[in-house]
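Participant: What follows is the file work_7.cif, containing mmCIF, C-alpha atoms:
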data_my_file
loop_
_atom_site.group_PDB
_atom_site.id
_atom_site.type_symbol
_atom_site.label_atom_id
_atom_site.label_comp_id
_atom_site.auth_asym_id
_atom_site.auth_seq_id
_atom_site.Cartn_x
_atom_site.Cartn_y
_atom_site.Cartn_z
ATOM 1 C CA MET A 1 -149.849 -16.173 120.026
ATOM 2 C CA ARG A 2 -150.518 -19.248 117.929
ATOM 3 C CA ILE A 3 -153.159 -20.159 115.409
ATOM 4 C CA ARG A 4 -154.450 -23.637 114.678
ATOM 5 C CA ARG A 5 -155.020 -23.826 110.941
ATOM 6 C CA LEU A 6 -157.674 -25.764 109.064
ATOM 7 C CA ALA A 7 -155.882 -28.823 107.772
ATOM 8 C CA VAL A 8 -155.143 -29.038 104.069
ATOM 9 C CA LEU A 9 -155.318 -32.763 103.542
ATOM 10 C CA GLY A 10 -153.128 -34.843 101.298
ATOM 11 C CA VAL A 11 -150.276 -34.108 98.941
ATOM 12 C CA ILE A 12 -150.010 -33.623 95.213
ATOM 13 C CA VAL A 13 -150.439 -36.888 93.363
ATOM 14 C CA GLY A 14 -150.361 -37.822 89.742
ATOM 15 C CA GLY A 15 -153.210 -39.455 87.916
ATOM 16 C CA ALA A 16 -156.876 -38.605 88.227
ATOM 17 C CA VAL A 17 -158.420 -35.183 88.066
ATOM 18 C CA ILE A 18 -161.776 -34.058 89.363
ATOM 19 C CA ALA A 19 -164.627 -34.764 86.995
ATOM 20 C CA GLY A 20 -166.483 -31.591 86.136
ATOM 21 C CA CYS A 21 -170.244 -31.260 86.068
ATOM 22 C CA GLY A 22 -172.543 -29.222 83.920
ATOM 23 C CA GLY A 23 -172.433 -31.107 80.638
ATOM 24 C CA SER A 24 -169.803 -31.866 78.038
ATOM 25 C CA SER A 25 -171.065 -29.148 75.691
ATOM 26 C CA PHE A 26 -169.665 -26.379 77.910
ATOM 27 C CA ASN A 27 -166.113 -25.302 77.103
ATOM 28 C CA PRO A 28 -164.481 -24.358 80.430
ATOM 29 C CA ARG A 29 -161.883 -22.225 78.645
ATOM 30 C CA SER A 30 -164.663 -19.759 77.907
ATOM 31 C CA SER A 31 -164.795 -18.990 81.641
ATOM 32 C CA ALA A 32 -162.427 -16.309 82.968
ATOM 33 C CA SER A 33 -162.695 -17.963 86.396
ATOM 34 C CA TYR A 34 -161.504 -21.275 84.967
ATOM 35 C CA ARG A 35 -158.565 -19.657 83.171
ATOM 36 C CA LEU A 36 -157.444 -17.822 86.322
ATOM 37 C CA GLY A 37 -157.964 -20.954 88.412
ATOM 38 C CA VAL A 38 -155.780 -22.979 86.047
ATOM 39 C CA HIS A 39 -153.073 -20.314 86.237
ATOM 40 C CA LEU A 40 -153.103 -20.222 90.041
ATOM 41 C CA ASP A 41 -153.207 -24.023 90.179
ATOM 42 C CA THR A 42 -150.036 -24.134 88.092
ATOM 43 C CA LEU A 43 -148.376 -21.721 90.538
ATOM 44 C CA ALA A 44 -149.581 -23.767 93.523
ATOM 45 C CA VAL A 45 -148.210 -27.009 92.094
ATOM 46 C CA GLN A 46 -144.891 -25.292 91.408
ATOM 47 C CA ALA A 47 -144.843 -24.030 95.000
ATOM 48 C CA ALA A 48 -145.541 -27.510 96.379
ATOM 49 C CA ASN A 49 -142.802 -29.039 94.266
ATOM 50 C CA ALA A 50 -140.408 -26.396 95.617
ATOM 51 C CA GLY A 51 -141.434 -27.086 99.224
ATOM 52 C CA LEU A 52 -143.195 -23.720 99.629
ATOM 53 C CA PHE A 53 -146.052 -24.995 101.759
ATOM 54 C CA ASP A 54 -147.553 -21.642 102.791
ATOM 55 C CA ARG A 55 -148.033 -20.559 99.184
ATOM 56 C CA TYR A 56 -149.370 -23.984 98.224
ATOM 57 C CA ARG A 57 -151.925 -24.141 101.035
ATOM 58 C CA LEU A 58 -153.097 -20.516 100.813
ATOM 59 C CA LEU A 59 -153.589 -20.621 97.043
ATOM 60 C CA SER A 60 -155.918 -23.590 97.499
ATOM 61 C CA TYR A 61 -158.742 -21.300 98.659
ATOM 62 C CA PRO A 62 -158.976 -18.963 95.656
ATOM 63 C CA ILE A 63 -158.380 -21.917 93.314
ATOM 64 C CA ALA A 64 -161.258 -23.857 94.891
ATOM 65 C CA ALA A 65 -163.600 -20.879 94.455
ATOM 66 C CA LEU A 66 -162.504 -20.276 90.865
ATOM 67 C CA MET A 67 -162.859 -23.940 89.938
ATOM 68 C CA GLU A 68 -166.472 -23.693 91.090
ATOM 69 C CA ASN A 69 -166.814 -20.993 88.405
ATOM 70 C CA LEU A 70 -167.073 -18.197 90.965
ATOM 71 C CA ALA A 71 -166.259 -14.798 89.471
ATOM 72 C CA PRO A 72 -164.121 -13.092 92.144
ATOM 73 C CA SER A 73 -165.064 -9.616 93.289
ATOM 74 C CA SER A 74 -162.848 -6.559 92.944
ATOM 75 C CA VAL A 75 -162.528 -4.921 96.353
ATOM 76 C CA THR A 76 -160.794 -1.824 97.638
ATOM 77 C CA MET A 77 -158.503 -2.423 100.593
ATOM 78 C CA SER A 78 -156.364 0.007 102.545
ATOM 79 C CA VAL A 79 -152.778 -1.285 102.699
ATOM 80 C CA ASP A 80 -150.563 0.771 104.989
ATOM 81 C CA GLY A 81 -153.020 3.634 104.501
ATOM 82 C CA SER A 82 -153.072 3.523 100.679
ATOM 83 C CA SER A 83 -156.068 2.249 98.706
ATOM 84 C CA LYS A 84 -155.331 -0.872 96.655
ATOM 85 C CA THR A 85 -157.545 -3.037 94.439
ATOM 86 C CA TYR A 86 -157.612 -6.743 95.205
ATOM 87 C CA LYS A 87 -159.584 -9.716 93.935
ATOM 88 C CA ALA A 88 -161.612 -11.414 96.651
ATOM 89 C CA ALA A 89 -163.767 -14.439 97.425
ATOM 90 C CA VAL A 90 -165.508 -15.838 100.475
ATOM 91 C CA LEU A 91 -165.881 -19.566 101.127
ATOM 92 C CA GLU A 92 -168.141 -21.044 103.782
ATOM 93 C CA LEU A 93 -166.916 -24.531 104.690
ATOM 94 C CA VAL A 94 -169.670 -26.605 106.266
ATOM 95 C CA GLY A 95 -168.885 -29.872 108.039
ATOM 96 C CA MET A 96 -171.208 -32.884 107.998
ATOM 97 C CA THR A 97 -171.755 -35.121 110.986
ATOM 98 C CA THR A 98 -170.915 -38.807 110.699
ATOM 99 C CA GLY A 99 -173.421 -41.602 111.162
ATOM 100 C CA SER A 100 -176.337 -43.054 109.245
ATOM 101 C CA THR A 101 -177.968 -39.651 108.637
ATOM 102 C CA PRO A 102 -175.236 -37.000 108.158
ATOM 103 C CA THR A 103 -176.423 -33.441 108.723
ATOM 104 C CA PRO A 104 -174.690 -30.048 108.343
ATOM 105 C CA SER A 105 -172.961 -28.991 111.547
ATOM 106 C CA ASP A 106 -170.024 -26.666 112.255
ATOM 107 C CA SER A 107 -168.907 -24.147 109.680
ATOM 108 C CA LEU A 108 -165.995 -21.795 109.082
ATOM 109 C CA PHE A 109 -165.734 -18.837 106.749
ATOM 110 C CA VAL A 110 -162.647 -18.083 104.681
ATOM 111 C CA ILE A 111 -162.070 -14.583 103.335
ATOM 112 C CA VAL A 112 -159.266 -14.504 100.771
ATOM 113 C CA THR A 113 -157.989 -11.505 98.818
ATOM 114 C CA TRP A 114 -155.141 -11.362 96.312
ATOM 115 C CA ALA A 115 -153.417 -8.470 94.577
ATOM 116 C CA ASP A 116 -152.825 -9.599 90.993
ATOM 117 C CA SER A 117 -153.112 -12.520 88.593
ATOM 118 C CA ASN A 118 -150.078 -14.184 90.213
ATOM 119 C CA ALA A 119 -151.352 -13.630 93.781
ATOM 120 C CA ASP A 120 -148.002 -12.094 94.705
ATOM 121 C CA GLU A 121 -149.716 -10.570 97.747
ATOM 122 C CA LEU A 122 -152.465 -12.598 99.401
ATOM 123 C CA VAL A 123 -154.354 -11.816 102.601
ATOM 124 C CA TYR A 124 -156.483 -14.557 104.106
ATOM 125 C CA THR A 125 -158.458 -15.300 107.235
ATOM 126 C CA GLN A 126 -160.639 -18.018 108.716
ATOM 127 C CA VAL A 127 -163.615 -16.890 110.787
ATOM 128 C CA ALA A 128 -165.958 -18.732 113.134
ATOM 129 C CA LEU A 129 -169.144 -16.758 113.644
ATOM 130 C CA PRO A 130 -169.846 -14.334 115.024
ATOM 131 C CA ASP A 131 -166.338 -12.839 115.035
ATOM 132 C CA THR A 132 -163.730 -15.377 116.159
ATOM 133 C CA LEU A 133 -160.470 -15.265 114.219
ATOM 134 C CA GLU A 134 -159.258 -18.824 113.641
ATOM 135 C CA ASP A 135 -156.368 -18.166 111.252
ATOM 136 C CA VAL A 136 -154.851 -15.223 109.414
ATOM 137 C CA ALA A 137 -152.009 -14.795 106.927
ATOM 138 C CA ASP A 138 -150.288 -12.167 104.841
ATOM 139 C CA LEU A 139 -148.449 -13.921 102.029
ATOM 140 C CA THR A 140 -145.946 -11.876 100.044
ATOM 141 C CA ASP A 141 -144.681 -13.884 97.064
ATOM 142 C CA THR A 142 -143.832 -17.178 98.805
ATOM 143 C CA VAL A 143 -143.352 -15.923 102.381
ATOM 144 C CA ALA A 144 -146.098 -15.746 105.017
ATOM 145 C CA ASN A 145 -145.496 -13.106 107.685
ATOM 146 C CA PRO A 146 -145.300 -14.912 111.052
ATOM 147 C CA LEU A 147 -145.534 -11.659 113.039
ATOM 148 C CA PHE A 148 -149.266 -11.110 113.415
ATOM 149 C CA ASP A 149 -150.064 -8.352 115.894
ATOM 150 C CA SER A 150 -153.810 -7.807 116.146
ATOM 151 C CA ALA A 151 -157.235 -7.650 114.543
ATOM 152 C CA THR A 152 -159.642 -4.844 115.416
ATOM 153 C CA VAL A 153 -162.484 -5.542 112.974
ATOM 154 C CA LEU A 154 -163.779 -8.884 111.741
ATOM 155 C CA SER A 155 -167.171 -9.700 110.263
ATOM 156 C CA VAL A 156 -168.647 -11.916 107.571
ATOM 157 C CA ALA A 157 -172.168 -12.957 106.596
ATOM 158 C CA LEU A 158 -173.375 -15.002 103.652
ATOM 159 C CA SER A 159 -176.821 -14.630 102.121
ATOM 160 C CA GLY A 160 -178.649 -16.148 99.200
ATOM 161 C CA ALA A 161 -176.233 -19.038 98.582
ATOM 162 C CA THR A 162 -178.732 -20.966 96.466
ATOM 163 C CA LYS A 163 -177.289 -20.912 92.959
ATOM 164 C CA PRO A 164 -175.764 -24.271 91.918
ATOM 165 C CA CYS A 165 -172.071 -24.163 91.080
ATOM 166 C CA ARG A 166 -170.376 -25.535 87.962
ATOM 167 C CA THR A 167 -167.378 -27.589 89.059
ATOM 168 C CA PHE A 168 -164.448 -27.617 86.636
ATOM 169 C CA SER A 169 -161.791 -30.308 86.345
ATOM 170 C CA LEU A 170 -158.321 -29.554 87.649
ATOM 171 C CA PRO A 171 -155.847 -29.778 84.755
ATOM 172 C CA LEU A 172 -153.002 -30.413 87.215
ATOM 173 C CA PRO A 173 -153.709 -32.748 90.146
ATOM 174 C CA ASN A 174 -153.663 -30.741 93.374
ATOM 175 C CA ALA A 175 -154.777 -32.608 96.493
ATOM 176 C CA ALA A 176 -155.297 -29.474 98.585
ATOM 177 C CA VAL A 177 -157.885 -28.171 96.119
ATOM 178 C CA SER A 178 -159.371 -31.600 95.421
ATOM 179 C CA ASP A 179 -160.256 -31.867 99.126
ATOM 180 C CA PHE A 180 -162.583 -28.888 98.686
ATOM 181 C CA LEU A 181 -164.149 -30.090 95.437
ATOM 182 C CA THR A 182 -164.439 -33.874 95.563
ATOM 183 C CA GLY A 183 -167.829 -35.003 96.815
ATOM 184 C CA THR A 184 -168.785 -31.580 98.124
ATOM 185 C CA LYS A 185 -172.054 -29.765 97.509
ATOM 186 C CA CYS A 186 -171.513 -26.199 96.273
ATOM 187 C CA THR A 187 -173.900 -23.273 96.046
ATOM 188 C CA ALA A 188 -173.034 -19.669 95.231
ATOM 189 C CA GLY A 189 -174.208 -16.362 96.649
ATOM 190 C CA THR A 190 -172.948 -13.075 98.047
ATOM 191 C CA ALA A 191 -171.216 -12.329 101.341
ATOM 192 C CA THR A 192 -170.606 -9.102 103.211
ATOM 193 C CA ALA A 193 -167.215 -8.986 104.900
ATOM 194 C CA ALA A 194 -164.832 -6.630 106.692
ATOM 195 C CA PHE A 195 -161.541 -6.898 108.565
ATOM 196 C CA SER A 196 -158.650 -4.875 109.968
ATOM 197 C CA PHE A 197 -155.394 -6.816 110.421
ATOM 198 C CA PHE A 198 -152.029 -5.623 111.659
ATOM 199 C CA PHE A 199 -148.648 -7.300 111.261
ATOM 200 C CA THR A 200 -145.075 -6.342 112.091
ATOM 201 C CA PRO A 201 -143.455 -5.695 108.688
ATOM 202 C CA GLY A 202 -140.213 -7.396 107.734
ATOM 203 C CA ALA A 203 -137.795 -7.598 104.823
ATOM 204 C CA ALA A 204 -139.888 -10.242 103.047
ATOM 205 C CA ASN A 205 -143.268 -8.811 104.135
ATOM 206 C CA PRO A 206 -143.148 -5.013 103.807
ATOM 207 C CA HIS A 207 -146.802 -4.254 104.625
ATOM 208 C CA GLY A 208 -148.147 -3.909 108.141
ATOM 209 C CA SER A 209 -151.838 -3.030 107.949
ATOM 210 C CA PHE A 210 -154.708 -4.380 105.859
ATOM 211 C CA VAL A 211 -158.132 -2.793 106.256
ATOM 212 C CA LEU A 212 -161.102 -4.073 104.281
ATOM 213 C CA ALA A 213 -164.158 -1.872 104.805
ATOM 214 C CA SER A 214 -167.483 -3.706 104.817
ATOM 215 C CA GLN A 215 -168.426 -4.593 101.244
ATOM 216 C CA GLN A 216 -170.055 -7.313 99.208
ATOM 217 C CA ILE A 217 -167.926 -10.204 97.958
ATOM 218 C CA ALA A 218 -168.780 -13.150 95.708
ATOM 219 C CA ALA A 219 -169.077 -16.313 97.791
ATOM 220 C CA ILE A 220 -169.610 -20.058 97.731
ATOM 221 C CA ARG A 221 -170.838 -22.506 100.356
ATOM 222 C CA LEU A 222 -169.083 -25.888 100.300
ATOM 223 C CA VAL A 223 -170.650 -28.704 102.296
ATOM 224 C CA LEU A 224 -167.838 -31.173 103.024
ATOM 225 C CA PRO A 225 -168.853 -34.841 102.946
ATOM 226 C CA ALA A 226 -168.575 -36.824 106.161
ATOM 227 C CA ASP A 227 -166.420 -39.459 104.443
ATOM 228 C CA ASN A 228 -163.789 -36.767 103.681
ATOM 229 C CA GLY A 229 -163.420 -35.587 107.267
ATOM 230 C CA GLY A 230 -166.566 -33.448 107.289
ATOM 231 C CA GLN A 231 -167.160 -31.997 110.722
ATOM 232 C CA GLU A 232 -163.830 -33.298 112.032
ATOM 233 C CA ARG A 233 -161.926 -31.101 109.563
ATOM 234 C CA LEU A 234 -163.450 -28.026 111.195
ATOM 235 C CA ARG A 235 -162.952 -28.964 114.848
ATOM 236 C CA GLY A 236 -159.154 -28.743 114.904
ATOM 237 C CA PRO A 237 -158.942 -25.030 114.112
ATOM 238 C CA ARG A 238 -161.370 -24.216 116.924
ATOM 239 C CA ALA A 239 -158.970 -25.500 119.576
ATOM 240 C CA ARG A 240 -156.988 -22.214 119.477
ATOM 241 C CA ARG A 241 -158.422 -18.802 118.717
ATOM 242 C CA PHE A 242 -157.520 -15.146 118.656
ATOM 243 C CA ARG A 243 -159.571 -12.464 120.319
ATOM 244 C CA LEU A 244 -160.321 -9.160 118.654
ATOM 245 C CA VAL A 245 -158.844 -6.027 120.150
ATOM 246 C CA ARG A 246 -161.746 -3.696 120.864
#
Could you spell out this file's structure in structure tokens?
Facilitator:
Amino acid sequence: MRIRRLAVLGVIVGGAVIAGCGGSSFNPRSSASYRLGVHLDTLAVQAANAGLFDRYRLLSYPIAALMENLAPSSVTMSVDGSSKTYKAAVLELVGMTTGSTPTPSDSLFVIVTWADSNADELVYTQVALPDTLEDVADLTDTVANPLFDSATVLSVALSGATKPCRTFSLPLPNAAVSDFLTGTKCTAGTATAAFSFFFTPGAANPHGSFVLASQQIAAIRLVLPADNGGQERLRGPRARRFRLVR
């Protein structure tokens, strides 16, 4: 069973960083989201430089949310039957059509949860509504478990995404994150999400089940500009899909 992943465009490059918005009088270091985003960005750049692509690409989602000044939620997740506390965020990625009058079109939802400040355990999924699983990963340290077995629950809904975001500058250039921040329109709200995922454990990935009961999670909606792939960035993942086991 294969999954077609949403492309993370580009590679790390030196030079420019994203220009933040919200006024020069605001000190981003006063934001806990910014500080955590900077920390995870440092880890992602280190992973890319070491050729650890799974860690680099999967960290791009929480970093993008944090660099929009989203305060991640604390959620309770059952891991192999034991309750664990994770940080969590939901991102809705909205593609724009090309042409003289671009309009919002396809969208995908990303649910990402991570276990600690270093994201040593990260569970992620991409969802096309109403309940189509586009991609899923359990990342332990730098290793993504390739042995996905099944999903029995999957739901996500975003409401009230009307609050403007404050976009911070990336201190270390990171093309994977820049793709989500450059030229995009961001609004923040709250999502309700749930999933049940099952993997075959291995030496590098000791956990087999991840169950997130339905709960509210801080969320952002990112409208991707047509000149940065827009709708086309969301079509690839929809070529191959999983089905839920009912």
Participant: Which is closer to Ala219 in chain A than all the others in A:Asn205, A:Thr162, A:Asn27, A:Thr132, using all atoms listed in the file?
Facilitator: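 Looking at the shortest contact to Ala219 in chain A, the residue is A:Thr162.
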Participant: Given the file shown, enumerate the residues that the PyMOL selection byres ((chain A and resi 146) around 12) captures and present them as a PyMOL selection string.
Facilitator: chain A and resi 1-3+54+135-140+143-145+147-149+198-202+204-205+208
Participant: As an exercise, work out the distance from CA of Thr142 in chain A to CA of Leu36 in chain A in Å and give it to one decimal place.
Facilitator: 18.5 Å
Participant: When you look at Leu122 in chain A with a cut-off of 9 Å (counting all atoms listed in the file), what residues show up, excluding the ones that are within fewer than 2 positions of it in the same chain? I need them as a PyMOL selection string.
Facilitator: chain A and resi 58-59+86+112-116+119-120+124+137-141
Participant: Write out as a ChimeraX atom specification each polymer residue whose atoms come within 9 Å of Leu154 in chain A, counting only C-alpha atoms; drop sequence neighbours fewer than 6 positions from it.
Facilitator: /A:127,130-133,193-197,244
Participant: So that I have them on file, write out the residues from the current selection with C-alpha atoms, as a CSV table (one decimal), keeping the file's coordinate frame.
Facilitator:
chain,number,residue,atom,x,y,z
A,127,VAL,CA,-163.6,-16.9,110.8
A,130,PRO,CA,-169.8,-14.3,115.0
A,131,ASP,CA,-166.3,-12.8,115.0
A,132,THR,CA,-163.7,-15.4,116.2
A,133,LEU,CA,-160.5,-15.3,114.2
A,193,ALA,CA,-167.2,-9.0,104.9
A,194,ALA,CA,-164.8,-6.6,106.7
A,195,PHE,CA,-161.5,-6.9,108.6
A,196,SER,CA,-158.6,-4.9,110.0
A,197,PHE,CA,-155.4,-6.8,110.4
A,244,LEU,CA,-160.3,-9.2,118.7
Participant: Smallest atom-to-atom distance to Leu181 in chain A: which of A:Ala88, A:Leu40, A:Met77, A:Leu93, using all atoms listed in the file?
Facilitator: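 Among the listed residues, A:Leu93 lies closest to Leu181 in chain A.
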Participant: Work out how far CA of Arg57 in chain A is from CA of Gly81 in chain A, in Å to one decimal.
Facilitator: 28.0 Å
Participant: In Å, how far is it from CA of Ala188 in chain A to CA of Asn118 in chain A?
Facilitator: 24.1 Å
Participant: Would you please work out which residue, of A:Leu172, A:Ala191, A:Leu52, A:Val123, is nearest to Gln216 in chain A when using only C-alpha atoms?
Facilitator: A:Ala191
Participant: With the file shown as input, list the residues that the PyMOL selection byres ((chain A and resi 35) around 12) selects, as a ChimeraX atom specification.
Facilitator: /A:27-34,36-42,63,66-71,117,168-171
Participant: Write out as number ranges by chain which residues come within 8 Å of Leu222 in chain A when counting only C-alpha atoms, dropping same-chain ones fewer than 2 positions away.
Facilitator: A: 91-94, 180, 184-187, 220, 224
Participant: Using all atoms listed in the file for the distances, tell me which of A:Pro225, A:Ala151, A:Leu158, A:Leu212 is nearest to Thr76 in chain A.
Facilitator: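 The answer is A:Leu212, which sits nearest to Thr76 in chain A.
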Participant: Of the candidates A:Ser178, A:Ser107, A:Ser74, A:Ser82, which one gets nearest to Leu129 in chain A if we count only C-alpha atoms?
Facilitator: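 Closest to Leu129 in chain A of all the choices is A:Ser107.
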Participant: For Ser214 in chain A, which residue out of A:Val156, A:Ala226, A:Cys165, A:Val45 is the nearest one, using all atoms listed in the file?
Facilitator: A:Val156
Participant: Could you work out an axis-aligned bounding box for all listed atoms of range 107-115 of chain A, with 8 Å added on each of the six sides, and give its centre and edge lengths in Å to one decimal, as AutoDock Vina command-line options?
Facilitator:
--center_x -161.2 --center_y -16.3 --center_z 102.1 --size_x 31.5 --size_y 31.7 --size_z 31.1
